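model31.pdb (PDB, C-alpha atoms, pLDDT in the B column) appears below.
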```
ATOM      1  CA  MET A 160       0.000   0.000   0.000  1.00 73.00           C
ATOM      2  CA  LYS A 161       2.992   2.309   0.364  1.00 90.00           C
ATOM      3  CA  GLU A 162       3.437   2.654  -3.395  1.00 93.00           C
ATOM      4  CA  GLU A 163      -0.254   3.429  -3.911  1.00 93.00           C
ATOM      5  CA  LEU A 164      -0.122   6.072  -1.183  1.00 94.00           C
ATOM      6  CA  ARG A 165       2.948   7.632  -2.794  1.00 96.00           C
ATOM      7  CA  ILE A 166       1.181   7.739  -6.184  1.00 95.00           C
ATOM      8  CA  PHE A 167      -1.957   9.182  -4.585  1.00 97.00           C
ATOM      9  CA  HIS A 168      -0.069  11.919  -2.717  1.00 97.00           C
ATOM     10  CA  SER A 169       1.959  12.760  -5.805  1.00 97.00           C
ATOM     11  CA  TYR A 170      -1.230  13.118  -7.836  1.00 97.00           C
ATOM     12  CA  LEU A 171      -2.840  15.338  -5.174  1.00 97.00           C
ATOM     13  CA  ARG A 172       0.214  17.612  -5.065  1.00 97.00           C
ATOM     14  CA  GLN A 173       0.420  17.741  -8.863  1.00 97.00           C
ATOM     15  CA  LYS A 174      -3.231  18.857  -9.083  1.00 97.00           C
ATOM     16  CA  GLY A 175      -2.984  21.276  -6.163  1.00 96.00           C
ATOM     17  CA  LEU A 176      -5.403  19.244  -4.027  1.00 96.00           C
ATOM     18  CA  LYS A 177      -5.178  18.889  -0.256  1.00 94.00           C
ATOM     19  CA  LEU A 178      -3.553  15.863   1.343  1.00 94.00           C
ATOM     20  CA  THR A 179      -5.998  14.933   4.080  1.00 96.00           C
ATOM     21  CA  GLN A 180      -6.278  12.153   6.592  1.00 96.00           C
ATOM     22  CA  GLN A 181      -9.814  11.448   5.355  1.00 96.00           C
ATOM     23  CA  ARG A 182      -8.615  10.879   1.787  1.00 96.00           C
ATOM     24  CA  ASP A 183      -5.850   8.579   3.037  1.00 96.00           C
ATOM     25  CA  ARG A 184      -8.346   6.581   5.098  1.00 96.00           C
ATOM     26  CA  ILE A 185     -10.716   6.203   2.148  1.00 96.00           C
ATOM     27  CA  LEU A 186      -7.833   5.000  -0.008  1.00 95.00           C
ATOM     28  CA  GLU A 187      -6.766   2.586   2.750  1.00 94.00           C
ATOM     29  CA  VAL A 188     -10.229   0.988   2.983  1.00 94.00           C
ATOM     30  CA  PHE A 189     -10.541   0.823  -0.797  1.00 92.00           C
ATOM     31  CA  LEU A 190      -7.146  -0.841  -1.201  1.00 91.00           C
ATOM     32  CA  THR A 191      -7.604  -3.384   1.583  1.00 90.00           C
ATOM     33  CA  THR A 192     -10.826  -4.813   0.146  1.00 87.00           C
ATOM     34  CA  GLU A 193     -10.885  -6.590  -3.217  1.00 81.00           C
ATOM     35  CA  LYS A 194     -14.282  -5.675  -4.569  1.00 83.00           C
ATOM     36  CA  HIS A 195     -16.013  -3.534  -7.180  1.00 86.00           C
ATOM     37  CA  PHE A 196     -17.281  -0.626  -5.058  1.00 85.00           C
ATOM     38  CA  SER A 197     -20.082   1.831  -5.585  1.00 90.00           C
ATOM     39  CA  ALA A 198     -19.726   5.045  -3.592  1.00 90.00           C
ATOM     40  CA  GLU A 199     -22.491   3.850  -1.266  1.00 93.00           C
ATOM     41  CA  GLU A 200     -20.875   0.457  -0.655  1.00 92.00           C
ATOM     42  CA  LEU A 201     -17.498   2.010   0.059  1.00 94.00           C
ATOM     43  CA  HIS A 202     -19.097   4.579   2.359  1.00 96.00           C
ATOM     44  CA  ILE A 203     -20.812   1.826   4.378  1.00 95.00           C
ATOM     45  CA  LEU A 204     -17.454   0.094   4.883  1.00 93.00           C
ATOM     46  CA  ILE A 205     -15.681   3.315   5.776  1.00 95.00           C
ATOM     47  CA  LYS A 206     -18.370   4.356   8.285  1.00 95.00           C
ATOM     48  CA  LYS A 207     -17.670   1.190  10.300  1.00 94.00           C
ATOM     49  CA  LYS A 208     -14.070   2.213  10.852  1.00 93.00           C
ATOM     50  CA  TYR A 209     -14.241   6.003  10.430  1.00 96.00           C
ATOM     51  CA  PRO A 210     -17.778   7.200  11.297  1.00 96.00           C
ATOM     52  CA  SER A 211     -17.023  10.890  10.754  1.00 96.00           C
ATOM     53  CA  ILE A 212     -16.277  10.514   7.013  1.00 97.00           C
ATOM     54  CA  GLY A 213     -19.289  11.566   4.959  1.00 96.00           C
ATOM     55  CA  PHE A 214     -20.676  10.191   1.724  1.00 96.00           C
ATOM     56  CA  THR A 215     -19.746  13.257  -0.338  1.00 96.00           C
ATOM     57  CA  THR A 216     -16.116  12.963   0.738  1.00 96.00           C
ATOM     58  CA  VAL A 217     -16.088   9.286  -0.245  1.00 95.00           C
ATOM     59  CA  TYR A 218     -17.719  10.038  -3.601  1.00 94.00           C
ATOM     60  CA  ARG A 219     -15.271  12.832  -4.455  1.00 95.00           C
ATOM     61  CA  THR A 220     -12.270  10.841  -3.256  1.00 96.00           C
ATOM     62  CA  MET A 221     -13.289   7.875  -5.425  1.00 93.00           C
ATOM     63  CA  LYS A 222     -13.008  10.160  -8.444  1.00 93.00           C
ATOM     64  CA  VAL A 223      -9.538  11.279  -7.338  1.00 96.00           C
ATOM     65  CA  ILE A 224      -8.414   7.679  -6.739  1.00 94.00           C
ATOM     66  CA  SER A 225      -9.499   6.831 -10.275  1.00 93.00           C
ATOM     67  CA  ALA A 226      -7.904   9.926 -11.812  1.00 94.00           C
ATOM     68  CA  ALA A 227      -4.640   9.049 -10.042  1.00 95.00           C
ATOM     69  CA  GLY A 228      -4.600   5.720 -11.913  1.00 90.00           C
ATOM     70  CA  LEU A 229      -5.184   3.533  -8.868  1.00 93.00           C
ATOM     71  CA  ALA A 230      -8.674   2.437  -9.888  1.00 90.00           C
ATOM     72  CA  SER A 231     -10.868   2.258 -12.938  1.00 86.00           C
ATOM     73  CA  GLU A 232     -14.569   2.741 -13.316  1.00 85.00           C
ATOM     74  CA  ALA A 233     -16.754  -0.289 -13.960  1.00 83.00           C
ATOM     75  CA  ASP A 234     -20.240   0.114 -15.401  1.00 81.00           C
ATOM     76  CA  PHE A 235     -22.325  -3.061 -15.368  1.00 82.00           C
ATOM     77  CA  ASN A 236     -25.275  -1.439 -17.136  1.00 79.00           C
ATOM     78  CA  ASP A 237     -27.327  -1.219 -13.941  1.00 82.00           C
ATOM     79  CA  GLY A 238     -27.056   2.516 -13.374  1.00 83.00           C
ATOM     80  CA  ILE A 239     -24.425   2.155 -10.635  1.00 85.00           C
ATOM     81  CA  LYS A 240     -20.855   3.339 -11.216  1.00 86.00           C
ATOM     82  CA  ARG A 241     -18.266   1.257  -9.421  1.00 87.00           C
ATOM     83  CA  LEU A 242     -14.536   1.423  -8.890  1.00 88.00           C
ATOM     84  CA  GLU A 243     -12.229  -1.531  -9.074  1.00 88.00           C
ATOM     85  CA  HIS A 244      -8.554  -1.866  -8.323  1.00 83.00           C
ATOM     86  CA  LYS A 245      -6.254  -1.075 -11.214  1.00 81.00           C
ATOM     87  CA  PHE A 246      -2.730  -0.449  -9.948  1.00 74.00           C
ATOM     88  CA  GLY A 247      -0.801  -3.681  -9.421  1.00 69.00           C
ATOM     89  CA  HIS A 248      -3.616  -5.828 -10.787  1.00 68.00           C
ATOM     90  CA  GLU A 249      -3.616  -7.802 -14.004  1.00 76.00           C
ATOM     91  CA  HIS A 250      -5.731  -6.316 -16.765  1.00 79.00           C
ATOM     92  CA  HIS A 251      -9.025  -8.121 -17.188  1.00 81.00           C
ATOM     93  CA  ASP A 252     -12.324  -7.774 -18.980  1.00 87.00           C
ATOM     94  CA  HIS A 253     -15.872  -8.466 -17.788  1.00 86.00           C
ATOM     95  CA  LEU A 254     -18.733 -10.736 -18.770  1.00 92.00           C
ATOM     96  CA  ILE A 255     -21.893  -9.217 -17.266  1.00 88.00           C
ATOM     97  CA  CYS A 256     -25.310 -10.867 -16.914  1.00 91.00           C
ATOM     98  CA  LEU A 257     -28.122  -8.486 -17.847  1.00 90.00           C
ATOM     99  CA  LYS A 258     -30.666 -10.402 -15.772  1.00 91.00           C
ATOM    100  CA  CYS A 259     -29.071 -11.136 -12.389  1.00 89.00           C
ATOM    101  CA  GLY A 260     -26.135  -8.701 -12.516  1.00 85.00           C
ATOM    102  CA  LYS A 261     -23.520 -11.365 -11.849  1.00 87.00           C
ATOM    103  CA  PHE A 262     -20.198 -10.624 -13.505  1.00 87.00           C
ATOM    104  CA  PHE A 263     -17.066 -12.560 -14.281  1.00 90.00           C
ATOM    105  CA  GLU A 264     -13.568 -11.145 -14.559  1.00 85.00           C
ATOM    106  CA  VAL A 265     -11.801 -12.749 -17.497  1.00 90.00           C
ATOM    107  CA  VAL A 266      -8.212 -12.685 -18.701  1.00 87.00           C
ATOM    108  CA  ASP A 267      -7.603 -13.866 -22.253  1.00 90.00           C
ATOM    109  CA  LYS A 268      -4.240 -13.391 -23.945  1.00 90.00           C
ATOM    110  CA  ASP A 269      -5.748 -14.031 -27.408  1.00 92.00           C
ATOM    111  CA  ILE A 270      -8.131 -11.083 -27.001  1.00 89.00           C
ATOM    112  CA  GLU A 271      -5.307  -8.866 -25.764  1.00 88.00           C
ATOM    113  CA  ASN A 272      -3.144  -9.872 -28.744  1.00 91.00           C
ATOM    114  CA  LEU A 273      -5.987  -9.152 -31.170  1.00 92.00           C
ATOM    115  CA  GLN A 274      -6.484  -5.694 -29.671  1.00 91.00           C
ATOM    116  CA  GLU A 275      -2.771  -4.964 -30.098  1.00 91.00           C
ATOM    117  CA  LYS A 276      -2.899  -6.156 -33.730  1.00 94.00           C
ATOM    118  CA  LEU A 277      -5.906  -3.926 -34.438  1.00 94.00           C
ATOM    119  CA  ALA A 278      -4.176  -0.890 -32.961  1.00 94.00           C
ATOM    120  CA  LYS A 279      -1.060  -1.630 -35.005  1.00 95.00           C
ATOM    121  CA  ARG A 280      -3.051  -2.167 -38.220  1.00 96.00           C
ATOM    122  CA  TYR A 281      -4.675   1.249 -37.863  1.00 96.00           C
ATOM    123  CA  HIS A 282      -1.483   2.975 -36.657  1.00 96.00           C
ATOM    124  CA  PHE A 283      -3.207   3.701 -33.372  1.00 95.00           C
ATOM    125  CA  LYS A 284      -1.315   4.263 -30.129  1.00 93.00           C
ATOM    126  CA  SER A 285      -3.441   2.538 -27.481  1.00 88.00           C
ATOM    127  CA  THR A 286      -2.932   3.743 -23.917  1.00 84.00           C
ATOM    128  CA  ASP A 287      -5.702   1.834 -22.162  1.00 79.00           C
ATOM    129  CA  HIS A 288      -8.848  -0.115 -22.869  1.00 82.00           C
ATOM    130  CA  LYS A 289     -11.640  -2.049 -21.284  1.00 82.00           C
ATOM    131  CA  MET A 290     -14.044  -4.584 -22.645  1.00 86.00           C
ATOM    132  CA  ASP A 291     -17.386  -5.459 -21.128  1.00 87.00           C
ATOM    133  CA  ILE A 292     -19.498  -8.163 -22.737  1.00 90.00           C
ATOM    134  CA  PHE A 293     -23.183  -8.111 -21.807  1.00 92.00           C
ATOM    135  CA  GLY A 294     -25.432 -11.135 -22.051  1.00 94.00           C
ATOM    136  CA  PHE A 295     -26.891 -13.872 -19.853  1.00 96.00           C
ATOM    137  CA  CYS A 296     -25.119 -16.210 -17.449  1.00 94.00           C
ATOM    138  CA  SER A 297     -25.759 -19.952 -17.482  1.00 95.00           C
ATOM    139  CA  LYS A 298     -28.469 -19.655 -14.794  1.00 94.00           C
ATOM    140  CA  CYS A 299     -30.351 -16.841 -16.541  1.00 93.00           C
ATOM    141  CA  LYS A 300     -30.295 -17.871 -20.182  1.00 85.00           C
TER     142      LYS A 300
END
```

For the structure just supplied, provide its representation as structure tokens.
Amino acid sequence: MKEELRIFHSYLRQKGLKLTQQRDRILEVFLTTEKHFSAEELHILIKKKYPSIGFTTVYRTMKVISAAGLASEADFNDGIKRLEHKFGHEHHDHLICLKCGKFFEVVDKDIENLQEKLAKRYHFKSTDHKMDIFGFCSKCK
């Protein structure tokens, strides 16, 4: 977590934002739990340990954590924006069930290679990507 904290503080300084204990605590809770978090879900967890931290602070800090490159936004087509860990985690894509909301994280080297080939073919410099495939899981189809 030391490296993530260093990156976070560096980003805050670079953008002229305040380094606060509340932001550090939100980052700490986010980093110590492997989950896709909505702002509400993260706030519920944080309130257990740090009751004085409000929802708005959590919501705004989630955006900063993402902008700093430590998390990425996940949208499972249910109207809820979530954050998931990015820094130090293997890139993955998602298969998302439209009926029950269950999702699967998938890693496939063939898909990654194809994306690189496509970028090369079109002389495109790819910096990041995400792929979400929507459909129905085995229980819902």

Selection under test: the PyMOL selection byres ((chain A and resi 271) around 12); residues as a PDB file with C-alpha atoms, keeping the file's coordinate frame:
```pdb
ATOM      1  CA  GLU A 249      -3.616  -7.802 -14.004  1.00 76.00           C
ATOM      2  CA  HIS A 250      -5.731  -6.316 -16.765  1.00 79.00           C
ATOM      3  CA  HIS A 251      -9.025  -8.121 -17.188  1.00 81.00           C
ATOM      4  CA  ASP A 252     -12.324  -7.774 -18.980  1.00 87.00           C
ATOM      5  CA  VAL A 265     -11.801 -12.749 -17.497  1.00 90.00           C
ATOM      6  CA  VAL A 266      -8.212 -12.685 -18.701  1.00 87.00           C
ATOM      7  CA  ASP A 267      -7.603 -13.866 -22.253  1.00 90.00           C
ATOM      8  CA  LYS A 268      -4.240 -13.391 -23.945  1.00 90.00           C
ATOM      9  CA  ASP A 269      -5.748 -14.031 -27.408  1.00 92.00           C
ATOM     10  CA  ILE A 270      -8.131 -11.083 -27.001  1.00 89.00           C
ATOM     11  CA  ASN A 272      -3.144  -9.872 -28.744  1.00 91.00           C
ATOM     12  CA  LEU A 273      -5.987  -9.152 -31.170  1.00 92.00           C
ATOM     13  CA  GLN A 274      -6.484  -5.694 -29.671  1.00 91.00           C
ATOM     14  CA  GLU A 275      -2.771  -4.964 -30.098  1.00 91.00           C
ATOM     15  CA  LYS A 276      -2.899  -6.156 -33.730  1.00 94.00           C
ATOM     16  CA  LEU A 277      -5.906  -3.926 -34.438  1.00 94.00           C
ATOM     17  CA  ALA A 278      -4.176  -0.890 -32.961  1.00 94.00           C
ATOM     18  CA  SER A 285      -3.441   2.538 -27.481  1.00 88.00           C
ATOM     19  CA  ASP A 287      -5.702   1.834 -22.162  1.00 79.00           C
ATOM     20  CA  HIS A 288      -8.848  -0.115 -22.869  1.00 82.00           C
ATOM     21  CA  LYS A 289     -11.640  -2.049 -21.284  1.00 82.00           C
ATOM     22  CA  MET A 290     -14.044  -4.584 -22.645  1.00 86.00           C
TER      23      MET A 290
END
```

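From atom CA of Leu257 of chain A back to atom CA of Lys222 of chain A, the distance works out to 25.8 Å.
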
Ground truth for the PyMOL selection byres ((chain A and resi 298) around 12), written as a PyMOL selection string:
chain A and resi 256-261+294-297+299-300

I need every residue sitting at most 9 Å from the point (-19.5, -6.9, -18.7) (coordinates as in the file, all atoms listed in the file considered), written as an MDAnalysis selection string.
chainID A and resid 233:236 252:257 262:264 290:294

Once you add 8 Å to each side, what are the centre and edge lengths of the axis-aligned box holding all listed atoms of segment 268-273 of chain A? One decimal in Å, as AutoDock Vina command-line options, if you can.
```
--center_x -5.6 --center_y -11.4 --center_z -27.6 --size_x 21.0 --size_y 21.2 --size_z 23.2
```

Evaluate the PyMOL selection byres ((chain A and resi 203-208) around 12) against this structure - the residues, as an MDAnalysis selection string, please.
chainID A and resid 181:192 194 196:202 209:214 216:218

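Reported to one decimal place, the separation of atom CA of Ala226 of chain A from atom CA of Gln173 of chain A is 11.8 Å.
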
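Between atom CA of Lys284 of chain A and atom CA of Leu171 of chain A there is a distance of 27.3 Å.
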
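Distance annotation: of A:Lys279, A:Glu163, A:Lys174, A:Thr286, the residue with the minimal separation from Ala230 of chain A is A:Glu163; atom set is all atoms listed in the file.
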